[in-house]
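See below for the structure under consideration.
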Amino acid sequence: MAITMAQLMEFMVAQGASDLHCAVGRKPTIRKGGHLKDVNAPELTPADTVRLAKEIAPEKNMKELQADGSTDFGFAFGDKARFRVAIFKQKNVVGMVLRQIPNKLLTFEQIGLPENVKRILDRPRGLVLVTGPTGSGKTTTLATMIDYINQNEDSHIITVEDPIEYYHSHKKSILTQRELHNDVTTFSEGLRRALRQDPDVILVGEMRDLETIGAAITAAETGHLVFGTLHTTGATRTVDRIIDAFPTNQQEQVRAQLAVSIIAIISQALMPKHGGGMIAAFEIMVSTSAVENLIREAKTYQLSSVIQTGKKEGMVLLDDYLWELYGAQKITRLEMFRASSNIKEMREKFDKEKRARGRMWDDSVIAAEEAKWAAPPAAAAAAASARRAGDE
């Protein structure tokens, strides 16, 4: 009997998998602890992936798939889990990826977000950006921060998301959650409309275009606490990405606006934790007079130095955070290097430390990993053995 989406989602929940991939010519595959693992099921055919897609996709999304070649939506698997679903065409067949969204809102401690970030959330107005590559946990971090405000402030919080991933209930605050395409046409339209709905806090799921970025900065300037995301890494790249989105003749004005409106930039990376599970690393830039001046004067290349010396204000560089995780034996050097924003400097720092110590805590872990990859696969080894026997 053919495997169903209900069975696959049940398996994901039981395994604690983050993602499910359904691709023609391969068994359904989950991602767990950062690694891909096949499900014990037959390889999927073109008919299988279409059938699986139809089991969970609303009719309007199947029409969008036919018209545009891809579609995205949120799906609730009863009360067990929610999924962000992407269905797409490739090589004239249908592929699908599901990302599991935890039902339970997590605390600062559970996601590893530093406690001093709570001070940022007490600000009545300004722009807070959460950045990082796809799959780095930005949505989870934003949900945790929104939940903190919801519990502690009597505010009206409006979110514009694509799709809604975490469902928030009303607590001390009132929560209005609007979903792209269902409740509102675009992020910029949702943001524009939000300003007429007596908001205190606005979350823009993604600052995709010039119009949305401009509207977010204006909303932050005019007395609202605004949260947004960008697919950038580090404070410097994030500020440059925002400025570069505008025409040259507007950039000086935008720098001045951004300098006074930005509260903080939180960049993050998600990686396998030594011993199992996943762990996040953060870079945190908090606005100070020095930060404002560097943004205004187009000297963003100096922001890293300010962050490095701004520990008292709650700032930390991503590479320093990674080094602390490595020292605490929470990640191996391989994960530290992979997530580093300046791998050359990180390697030099590591090599210097290794020369001084002579041995690092993960030497045996790395040696075992290298040995595993150096060893021939079992099938290849068996074939080689058989050939040798035949030659004899």
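In the structure tokens, chains take letters A, B, ... by order of appearance, with residues numbered from 1 within each chain and ligands from 1 in the order shown.
Excluding region 326-330 of chain A and any residue on its chain fewer than 6 positions from it, the residues at most 8 Å away by only C-alpha atoms are Lys273, His274, Gly275, Met336, Trp361 and Asp362 of chain A.
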Test item: residues at most 7 Å from region 39-52 of chain A, only C-alpha atoms, excluding those fewer than 6 positions along its chain, as a PyMOL selection string | chain A and resi 4-5+22-30+93-95
For the residues in the current selection, export all heavy atoms as an mmCIF file, in the first residue's frame.
```cif
data_model
loop_
_atom_site.group_PDB
_atom_site.id
_atom_site.type_symbol
_atom_site.label_atom_id
_atom_site.label_comp_id
_atom_site.auth_asym_id
_atom_site.auth_seq_id
_atom_site.Cartn_x
_atom_site.Cartn_y
_atom_site.Cartn_z
ATOM 1 N N THR A 4 1.253 7.435 2.783
ATOM 2 C CA THR A 4 0.418 8.635 2.758
ATOM 3 C C THR A 4 1.129 9.797 3.450
ATOM 4 O O THR A 4 2.071 9.601 4.217
ATOM 5 C CB THR A 4 -0.926 8.388 3.465
ATOM 6 O OG1 THR A 4 -0.671 8.170 4.869
ATOM 7 C CG2 THR A 4 -1.643 7.177 2.873
ATOM 8 N N MET A 5 0.630 11.009 3.202
ATOM 9 C CA MET A 5 1.203 12.178 3.873
ATOM 10 C C MET A 5 0.967 12.104 5.377
ATOM 11 O O MET A 5 1.808 12.528 6.165
ATOM 12 C CB MET A 5 0.588 13.470 3.326
ATOM 13 C CG MET A 5 1.174 13.968 2.022
ATOM 14 S SD MET A 5 2.971 14.183 2.036
ATOM 15 C CE MET A 5 3.216 15.195 3.468
ATOM 16 N N CYS A 22 10.183 15.196 -0.539
ATOM 17 C CA CYS A 22 9.558 14.207 -1.397
ATOM 18 C C CYS A 22 9.998 14.491 -2.830
ATOM 19 O O CYS A 22 9.561 15.489 -3.434
ATOM 20 C CB CYS A 22 8.034 14.274 -1.289
ATOM 21 S SG CYS A 22 7.417 13.816 0.353
ATOM 22 N N ALA A 23 10.886 13.648 -3.351
ATOM 23 C CA ALA A 23 11.452 13.860 -4.680
ATOM 24 C C ALA A 23 11.303 12.593 -5.509
ATOM 25 O O ALA A 23 11.513 11.482 -4.997
ATOM 26 C CB ALA A 23 12.927 14.242 -4.572
ATOM 27 N N VAL A 24 10.950 12.753 -6.758
ATOM 28 C CA VAL A 24 10.789 11.607 -7.659
ATOM 29 C C VAL A 24 12.119 10.876 -7.812
ATOM 30 O O VAL A 24 13.179 11.501 -7.975
ATOM 31 C CB VAL A 24 10.274 12.079 -9.028
ATOM 32 C CG1 VAL A 24 10.313 10.946 -10.047
ATOM 33 C CG2 VAL A 24 8.854 12.632 -8.901
ATOM 34 N N GLY A 25 12.079 9.542 -7.734
ATOM 35 C CA GLY A 25 13.283 8.744 -7.894
ATOM 36 C C GLY A 25 14.053 8.512 -6.612
ATOM 37 O O GLY A 25 15.142 7.925 -6.629
ATOM 38 N N ARG A 26 13.494 8.970 -5.490
ATOM 39 C CA ARG A 26 14.143 8.757 -4.193
ATOM 40 C C ARG A 26 13.068 8.474 -3.142
ATOM 41 O O ARG A 26 11.938 8.929 -3.249
ATOM 42 C CB ARG A 26 14.954 9.987 -3.801
ATOM 43 C CG ARG A 26 15.622 9.853 -2.432
ATOM 44 C CD ARG A 26 16.723 10.830 -2.215
ATOM 45 N NE ARG A 26 17.280 10.680 -0.870
ATOM 46 C CZ ARG A 26 18.470 11.119 -0.510
ATOM 47 N NH1 ARG A 26 19.252 11.722 -1.388
ATOM 48 N NH2 ARG A 26 18.906 10.956 0.726
ATOM 49 N N LYS A 27 13.463 7.730 -2.107
ATOM 50 C CA LYS A 27 12.548 7.496 -0.999
ATOM 51 C C LYS A 27 12.253 8.827 -0.301
ATOM 52 O O LYS A 27 13.084 9.742 -0.341
ATOM 53 C CB LYS A 27 13.184 6.529 0.004
ATOM 54 C CG LYS A 27 13.461 5.141 -0.539
ATOM 55 C CD LYS A 27 14.116 4.279 0.530
ATOM 56 C CE LYS A 27 14.355 2.875 0.005
ATOM 57 N NZ LYS A 27 14.934 1.986 1.042
ATOM 58 N N PRO A 28 11.088 8.949 0.336
ATOM 59 C CA PRO A 28 10.876 10.149 1.159
ATOM 60 C C PRO A 28 12.032 10.290 2.144
ATOM 61 O O PRO A 28 12.511 9.298 2.704
ATOM 62 C CB PRO A 28 9.563 9.831 1.891
ATOM 63 C CG PRO A 28 8.878 8.831 1.026
ATOM 64 C CD PRO A 28 9.963 8.006 0.404
ATOM 65 N N THR A 29 12.485 11.528 2.348
ATOM 66 C CA THR A 29 13.704 11.771 3.123
ATOM 67 C C THR A 29 13.445 12.838 4.178
ATOM 68 O O THR A 29 12.901 13.894 3.871
ATOM 69 C CB THR A 29 14.840 12.244 2.188
ATOM 70 O OG1 THR A 29 15.017 11.275 1.145
ATOM 71 C CG2 THR A 29 16.150 12.393 2.953
ATOM 72 N N ILE A 30 13.837 12.549 5.425
ATOM 73 C CA ILE A 30 13.703 13.539 6.485
ATOM 74 C C ILE A 30 15.057 14.176 6.781
ATOM 75 O O ILE A 30 16.104 13.598 6.469
ATOM 76 C CB ILE A 30 13.123 12.926 7.776
ATOM 77 C CG1 ILE A 30 14.067 11.835 8.351
ATOM 78 C CG2 ILE A 30 11.727 12.401 7.558
ATOM 79 C CD1 ILE A 30 13.696 11.374 9.748
ATOM 80 N N VAL A 93 8.241 17.229 -13.220
ATOM 81 C CA VAL A 93 7.558 16.448 -12.177
ATOM 82 C C VAL A 93 7.401 17.331 -10.948
ATOM 83 O O VAL A 93 7.955 18.430 -10.878
ATOM 84 C CB VAL A 93 8.329 15.156 -11.821
ATOM 85 C CG1 VAL A 93 8.393 14.222 -13.020
ATOM 86 C CG2 VAL A 93 9.728 15.473 -11.305
ATOM 87 N N VAL A 94 6.654 16.844 -9.976
ATOM 88 C CA VAL A 94 6.372 17.624 -8.772
ATOM 89 C C VAL A 94 7.281 17.198 -7.627
ATOM 90 O O VAL A 94 7.482 15.997 -7.395
ATOM 91 C CB VAL A 94 4.890 17.460 -8.356
ATOM 92 C CG1 VAL A 94 4.629 18.056 -6.979
ATOM 93 C CG2 VAL A 94 3.982 18.120 -9.388
ATOM 94 N N GLY A 95 7.857 18.177 -6.932
ATOM 95 C CA GLY A 95 8.632 17.930 -5.728
ATOM 96 C C GLY A 95 7.994 18.663 -4.562
ATOM 97 O O GLY A 95 7.178 19.588 -4.763
#
```
Which distance in Å separates CA of Ile101 (chain A) and CA of Val201 (chain A), to one decimal?
-> 22.8 Å
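The closest residue to Thr141 (chain A), picked from A:Pro58, A:Gly78, A:Gly205, A:Pro163 and counting only C-alpha atoms, is A:Gly205.
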If we count only C-alpha atoms, what is near Gly276 (chain A) at a cut-off of 10 Å, once residues fewer than 6 positions away on the same chain are taken out, given as a ChimeraX atom specification?
-> /A:32-34,330-331
In Å, rounded to a single decimal, give me how far CA of Arg347 (chain A) is from CA of Ile307 (chain A).
->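 Pair CA of Ile307 (chain A) / CA of Arg347 (chain A) returns 20.4 Å.
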Of A:Leu294, A:Leu142, A:Met9, A:Val260, the one sitting nearest Arg84 (chain A) when using only C-alpha atoms is A:Met9
